[in-house]
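Novice: Take this structure, written in structure tokens, and hold onto it; I'll ask about it next.
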Amino acid sequence: MLVLAVDTATPAVTAGLVNLEHDALETLASRVTVDAKAHNEVLTPQILACLEAAGRSRTELDAVVVGVGPGPFTGLRVGMATAAAFGDALGLPVHGVCSLDAIAADAWREISDADAELLVVTDARRREVYWARYRRGGRIEGPDVCKPNELDSGDATVIAGSASHVDLFDLPVLPDETPSPAGLVACAAADLLAGVAPEALAPLYLRRPDAVERSYQAVR
């Protein structure tokens, strides 16, 4: 099964092609651009570059997986709209997954302790972080947003996520900073292999967008 994976929930604009067969994941091509202001400009070219690098065409895609956040409003909607457009144009199912879960899926490959608890944090701007905590069985708390000094790390034994925020916590740091194509697909693998119809895409903003419409009072 050939899966297109995209994520724009962090400053990294990520696109990749992943081959999924019986729970085995193989990344065929990946492109990442770290630029919080370039989501709209680089995502589609990155997708096309992945297809070219893998020697595949759009018609060979079987599904799309997209990170639905949490993330800032403007960047997040670019990835979701692009994924939805590809799905609609090609008649493909589009599965949305939590972007923090995708980071966690990658991080678990670095963790050998069966009793470990993982904390994942990403940049929420406004001097805040998005966060969630995990055990082997999956997410146990979050996602949510708060200031780093207000975040109770609980029983976390290790941390992954935004490089500029992980050092704010007294925990061993894993190298997984942003969602990878394989991590995104791993989060949807069970549904993809079972042919489960995806739910409607729903962004995880966790707060109101920074840009709001002005309200005007009538002048009498």
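So you can find residues: chains in the structure tokens are A, B, ... in the order shown, residues in each start at 1, and ligands are numbered from 1 in order.
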So that I can check the surroundings of stretch 156-166 of chain A, please list as a PDB file with N, CA and C atoms, in the first residue's frame every protein, DNA and RNA residue that reaches within 10 Å of it, counting only C-alpha atoms and ignoring chain neighbours fewer than 2 positions away.
Specialist:
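Result went into part-v5.pdb, see below:
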```
ATOM      1  N   THR A  10       4.039  21.753  12.749  1.00  0.00           N
ATOM      2  CA  THR A  10       5.218  22.334  13.395  1.00  0.00           C
ATOM      3  C   THR A  10       5.917  23.237  12.380  1.00  0.00           C
ATOM      4  N   PRO A  11       7.010  23.902  12.750  1.00  0.00           N
ATOM      5  CA  PRO A  11       7.741  24.696  11.761  1.00  0.00           C
ATOM      6  C   PRO A  11       8.300  23.863  10.604  1.00  0.00           C
ATOM      7  N   LEU A 100       1.451  14.879  17.514  1.00  0.00           N
ATOM      8  CA  LEU A 100       2.244  14.469  18.675  1.00  0.00           C
ATOM      9  C   LEU A 100       2.343  12.949  18.734  1.00  0.00           C
ATOM     10  N   ILE A 103       5.155  11.812  16.454  1.00  0.00           N
ATOM     11  CA  ILE A 103       6.472  11.966  17.070  1.00  0.00           C
ATOM     12  C   ILE A 103       6.709  10.842  18.065  1.00  0.00           C
ATOM     13  N   ALA A 104       5.674  10.534  18.858  1.00  0.00           N
ATOM     14  CA  ALA A 104       5.792   9.458  19.835  1.00  0.00           C
ATOM     15  C   ALA A 104       6.061   8.122  19.153  1.00  0.00           C
ATOM     16  N   ASP A 106       7.700   7.529  16.474  1.00  0.00           N
ATOM     17  CA  ASP A 106       9.122   7.479  16.135  1.00  0.00           C
ATOM     18  C   ASP A 106       9.975   7.316  17.388  1.00  0.00           C
ATOM     19  N   ALA A 107       9.617   8.027  18.453  1.00  0.00           N
ATOM     20  CA  ALA A 107      10.421   8.020  19.670  1.00  0.00           C
ATOM     21  C   ALA A 107      10.472   6.647  20.320  1.00  0.00           C
ATOM     22  N   TRP A 108       9.376   5.895  20.253  1.00  0.00           N
ATOM     23  CA  TRP A 108       9.358   4.586  20.896  1.00  0.00           C
ATOM     24  C   TRP A 108      10.397   3.657  20.316  1.00  0.00           C
ATOM     25  N   ILE A 111      13.389   3.704  22.545  1.00  0.00           N
ATOM     26  CA  ILE A 111      13.200   3.403  23.963  1.00  0.00           C
ATOM     27  C   ILE A 111      13.126   1.899  24.170  1.00  0.00           C
ATOM     28  N   ASP A 113      13.160   0.567  27.495  1.00  0.00           N
ATOM     29  CA  ASP A 113      12.533   0.329  28.791  1.00  0.00           C
ATOM     30  C   ASP A 113      11.023   0.159  28.626  1.00  0.00           C
ATOM     31  N   ASP A 115       8.807   0.039  30.820  1.00  0.00           N
ATOM     32  CA  ASP A 115       8.049   0.834  31.786  1.00  0.00           C
ATOM     33  C   ASP A 115       8.238   2.341  31.586  1.00  0.00           C
ATOM     34  N   ALA A 116       8.865   2.725  30.493  1.00  0.00           N
ATOM     35  CA  ALA A 116       9.135   4.142  30.246  1.00  0.00           C
ATOM     36  C   ALA A 116       7.846   4.919  30.024  1.00  0.00           C
ATOM     37  N   GLU A 117       7.899   6.195  30.354  1.00  0.00           N
ATOM     38  CA  GLU A 117       6.797   7.105  30.042  1.00  0.00           C
ATOM     39  C   GLU A 117       7.388   8.267  29.252  1.00  0.00           C
ATOM     40  N   LEU A 118       6.764   8.591  28.145  1.00  0.00           N
ATOM     41  CA  LEU A 118       7.281   9.578  27.197  1.00  0.00           C
ATOM     42  C   LEU A 118       6.460  10.863  27.231  1.00  0.00           C
ATOM     43  N   LEU A 119       7.145  11.991  27.275  1.00  0.00           N
ATOM     44  CA  LEU A 119       6.519  13.303  27.146  1.00  0.00           C
ATOM     45  C   LEU A 119       6.923  13.890  25.794  1.00  0.00           C
ATOM     46  N   VAL A 120       5.957  14.346  25.016  1.00  0.00           N
ATOM     47  CA  VAL A 120       6.225  14.989  23.726  1.00  0.00           C
ATOM     48  C   VAL A 120       5.743  16.430  23.797  1.00  0.00           C
ATOM     49  N   VAL A 121       6.616  17.370  23.394  1.00  0.00           N
ATOM     50  CA  VAL A 121       6.251  18.784  23.388  1.00  0.00           C
ATOM     51  C   VAL A 121       6.613  19.401  22.042  1.00  0.00           C
ATOM     52  N   THR A 122       5.768  20.322  21.559  1.00  0.00           N
ATOM     53  CA  THR A 122       6.065  21.081  20.351  1.00  0.00           C
ATOM     54  C   THR A 122       5.733  22.549  20.594  1.00  0.00           C
ATOM     55  N   ASP A 123       6.248  23.396  19.741  1.00  0.00           N
ATOM     56  CA  ASP A 123       6.105  24.846  19.899  1.00  0.00           C
ATOM     57  C   ASP A 123       4.681  25.291  19.591  1.00  0.00           C
ATOM     58  N   ALA A 124       4.038  25.921  20.579  1.00  0.00           N
ATOM     59  CA  ALA A 124       2.687  26.452  20.387  1.00  0.00           C
ATOM     60  C   ALA A 124       2.694  27.968  20.233  1.00  0.00           C
ATOM     61  N   ARG A 127       4.891  31.636  23.790  1.00  0.00           N
ATOM     62  CA  ARG A 127       5.663  31.090  24.911  1.00  0.00           C
ATOM     63  C   ARG A 127       4.953  29.910  25.572  1.00  0.00           C
ATOM     64  N   GLU A 128       4.275  29.116  24.744  1.00  0.00           N
ATOM     65  CA  GLU A 128       3.564  27.943  25.233  1.00  0.00           C
ATOM     66  C   GLU A 128       4.006  26.703  24.444  1.00  0.00           C
ATOM     67  N   VAL A 129       3.622  25.537  24.957  1.00  0.00           N
ATOM     68  CA  VAL A 129       3.911  24.285  24.264  1.00  0.00           C
ATOM     69  C   VAL A 129       2.637  23.451  24.150  1.00  0.00           C
ATOM     70  N   TYR A 130       2.552  22.700  23.054  1.00  0.00           N
ATOM     71  CA  TYR A 130       1.579  21.627  22.955  1.00  0.00           C
ATOM     72  C   TYR A 130       2.242  20.388  23.559  1.00  0.00           C
ATOM     73  N   TRP A 131       1.471  19.551  24.226  1.00  0.00           N
ATOM     74  CA  TRP A 131       2.091  18.410  24.876  1.00  0.00           C
ATOM     75  C   TRP A 131       1.135  17.228  24.989  1.00  0.00           C
ATOM     76  N   ARG A 133       1.411  12.929  26.925  1.00  0.00           N
ATOM     77  CA  ARG A 133       2.233  11.906  27.572  1.00  0.00           C
ATOM     78  C   ARG A 133       1.792  10.519  27.112  1.00  0.00           C
ATOM     79  N   TYR A 134       2.762   9.587  27.071  1.00  0.00           N
ATOM     80  CA  TYR A 134       2.530   8.266  26.488  1.00  0.00           C
ATOM     81  C   TYR A 134       3.169   7.158  27.311  1.00  0.00           C
ATOM     82  N   ARG A 135       2.530   5.999  27.262  1.00  0.00           N
ATOM     83  CA  ARG A 135       3.147   4.740  27.647  1.00  0.00           C
ATOM     84  C   ARG A 135       3.078   3.802  26.445  1.00  0.00           C
ATOM     85  N   PRO A 148       5.433  26.227  29.517  1.00  0.00           N
ATOM     86  CA  PRO A 148       6.311  25.144  29.968  1.00  0.00           C
ATOM     87  C   PRO A 148       6.414  25.017  31.480  1.00  0.00           C
ATOM     88  N   ASP A 152       3.121  19.822  34.158  1.00  0.00           N
ATOM     89  CA  ASP A 152       3.537  18.763  35.067  1.00  0.00           C
ATOM     90  C   ASP A 152       3.946  17.555  34.227  1.00  0.00           C
ATOM     91  N   SER A 153       5.211  17.210  34.256  1.00  0.00           N
ATOM     92  CA  SER A 153       5.700  16.097  33.440  1.00  0.00           C
ATOM     93  C   SER A 153       5.305  14.739  34.008  1.00  0.00           C
ATOM     94  N   GLY A 154       4.646  14.740  35.157  1.00  0.00           N
ATOM     95  CA  GLY A 154       4.152  13.491  35.724  1.00  0.00           C
ATOM     96  C   GLY A 154       5.262  12.488  35.969  1.00  0.00           C
ATOM     97  N   LEU A 168      13.938  22.518  28.444  1.00  0.00           N
ATOM     98  CA  LEU A 168      13.323  23.200  29.580  1.00  0.00           C
ATOM     99  C   LEU A 168      12.883  22.202  30.655  1.00  0.00           C
ATOM    100  N   PHE A 169      12.993  20.911  30.341  1.00  0.00           N
ATOM    101  CA  PHE A 169      12.563  19.870  31.265  1.00  0.00           C
ATOM    102  C   PHE A 169      13.752  18.994  31.637  1.00  0.00           C
ATOM    103  N   ASP A 170      13.805  18.601  32.874  1.00  0.00           N
ATOM    104  CA  ASP A 170      14.927  17.808  33.378  1.00  0.00           C
ATOM    105  C   ASP A 170      14.709  16.330  33.066  1.00  0.00           C
ATOM    106  N   LEU A 171      14.771  16.025  31.755  1.00  0.00           N
ATOM    107  CA  LEU A 171      14.542  14.664  31.287  1.00  0.00           C
ATOM    108  C   LEU A 171      15.520  14.334  30.163  1.00  0.00           C
ATOM    109  N   PRO A 172      15.888  13.065  30.014  1.00  0.00           N
ATOM    110  CA  PRO A 172      16.705  12.660  28.864  1.00  0.00           C
ATOM    111  C   PRO A 172      15.971  12.984  27.560  1.00  0.00           C
ATOM    112  N   VAL A 173      16.707  13.503  26.572  1.00  0.00           N
ATOM    113  CA  VAL A 173      16.109  13.980  25.327  1.00  0.00           C
ATOM    114  C   VAL A 173      16.354  12.992  24.193  1.00  0.00           C
ATOM    115  N   LEU A 174      15.280  12.656  23.480  1.00  0.00           N
ATOM    116  CA  LEU A 174      15.387  11.834  22.282  1.00  0.00           C
ATOM    117  C   LEU A 174      15.478  12.735  21.047  1.00  0.00           C
ATOM    118  N   PRO A 175      16.031  12.248  19.938  1.00  0.00           N
ATOM    119  CA  PRO A 175      16.283  13.109  18.771  1.00  0.00           C
ATOM    120  C   PRO A 175      15.073  13.396  17.897  1.00  0.00           C
ATOM    121  N   ASP A 176      13.915  12.842  18.210  1.00  0.00           N
ATOM    122  CA  ASP A 176      12.741  13.002  17.355  1.00  0.00           C
ATOM    123  C   ASP A 176      12.067  14.351  17.629  1.00  0.00           C
ATOM    124  N   GLU A 177      12.201  15.291  16.686  1.00  0.00           N
ATOM    125  CA  GLU A 177      11.736  16.667  16.901  1.00  0.00           C
ATOM    126  C   GLU A 177      10.402  16.963  16.232  1.00  0.00           C
ATOM    127  N   THR A 178      10.154  16.356  15.079  1.00  0.00           N
ATOM    128  CA  THR A 178       8.934  16.622  14.305  1.00  0.00           C
ATOM    129  C   THR A 178       8.386  15.316  13.748  1.00  0.00           C
ATOM    130  N   PRO A 179       7.133  15.311  13.317  1.00  0.00           N
ATOM    131  CA  PRO A 179       6.562  14.067  12.768  1.00  0.00           C
ATOM    132  C   PRO A 179       7.274  13.651  11.485  1.00  0.00           C
TER     133      PRO A 179
END
```
Novice: Assign secondary structure with DSSP using the backbone only, and return the residues of stretch 166-209 of chain A in helix (DSSP H, G or I) as a list in words.
Specialist: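 For stretch 166-209 of chain A, the helix (DSSP H, G or I) set is Val166, Asp167, Leu168, Pro181, Ala182, Gly183, Leu184, Val185, Ala186, Cys187, Ala188, Ala189, Ala190, Asp191, Leu192, Leu193 and Ala194 of chain A.
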Novice: Can those selected residues be exported to a file as a PDB file, in the first residue's frame so that it contains C-alpha atoms?
Specialist:
```
ATOM      1  CA  VAL A 166      12.789  19.887  25.401  1.00  0.00           C
ATOM      2  CA  ASP A 167      15.740  21.315  27.339  1.00  0.00           C
ATOM      3  CA  LEU A 168      13.323  23.200  29.580  1.00  0.00           C
ATOM      4  CA  PRO A 181       6.263  10.288   7.234  1.00  0.00           C
ATOM      5  CA  ALA A 182       6.729   6.825   8.767  1.00  0.00           C
ATOM      6  CA  GLY A 183       5.545   8.050  12.178  1.00  0.00           C
ATOM      7  CA  LEU A 184       2.420   9.550  10.650  1.00  0.00           C
ATOM      8  CA  VAL A 185       1.566   6.379   8.733  1.00  0.00           C
ATOM      9  CA  ALA A 186       2.283   4.214  11.801  1.00  0.00           C
ATOM     10  CA  CYS A 187      -0.490   6.040  13.652  1.00  0.00           C
ATOM     11  CA  ALA A 188      -3.031   5.134  10.967  1.00  0.00           C
ATOM     12  CA  ALA A 189      -1.590   1.748   9.971  1.00  0.00           C
ATOM     13  CA  ALA A 190      -4.214  -0.411  11.686  1.00  0.00           C
ATOM     14  CA  ASP A 191      -7.093   1.440  10.021  1.00  0.00           C
ATOM     15  CA  LEU A 192      -5.337   1.536   6.656  1.00  0.00           C
ATOM     16  CA  LEU A 193      -4.674  -2.203   6.629  1.00  0.00           C
ATOM     17  CA  ALA A 194      -8.200  -2.985   7.804  1.00  0.00           C
TER      18      ALA A 194
END
```
Novice: Might you pull out every residue within 7 Å of A:Leu4, with only C-alpha atoms counted and same-chain residues fewer than 2 positions away left off, and present them as a PyMOL selection string?
Specialist: chain A and resi 2+6+16-18+61+63-65
Novice: Where does DSSP see strand (DSSP E) in chain A, if you list the residues as a ChimeraX atom specification?
Specialist: /A:2-7,12-21,24-34,63-67,94-97,118-125,128-135,138-146,158-161
Novice: What's the separation between atom CA of A:Leu76 and atom CA of A:Arg136, in Å to one decimal place?
Specialist: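 Going from atom CA of A:Leu76 over to atom CA of A:Arg136, I get 27.3 Å.
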Novice: Quick one, how far is atom CA of A:Ala53 from atom CA of A:Leu25?
Specialist: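 Distance between the two atoms: 17.6 Å.
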Novice: Skip stretch 78-95 of chain A itself and residues of its chain fewer than 3 positions away, then list as a ChimeraX atom specification all residues within 9 Å of it, counting only C-alpha atoms.
Specialist: /A:4-9,13-14,39-40,43-44,58-59,61-68,73-75,188,191-192,197-203
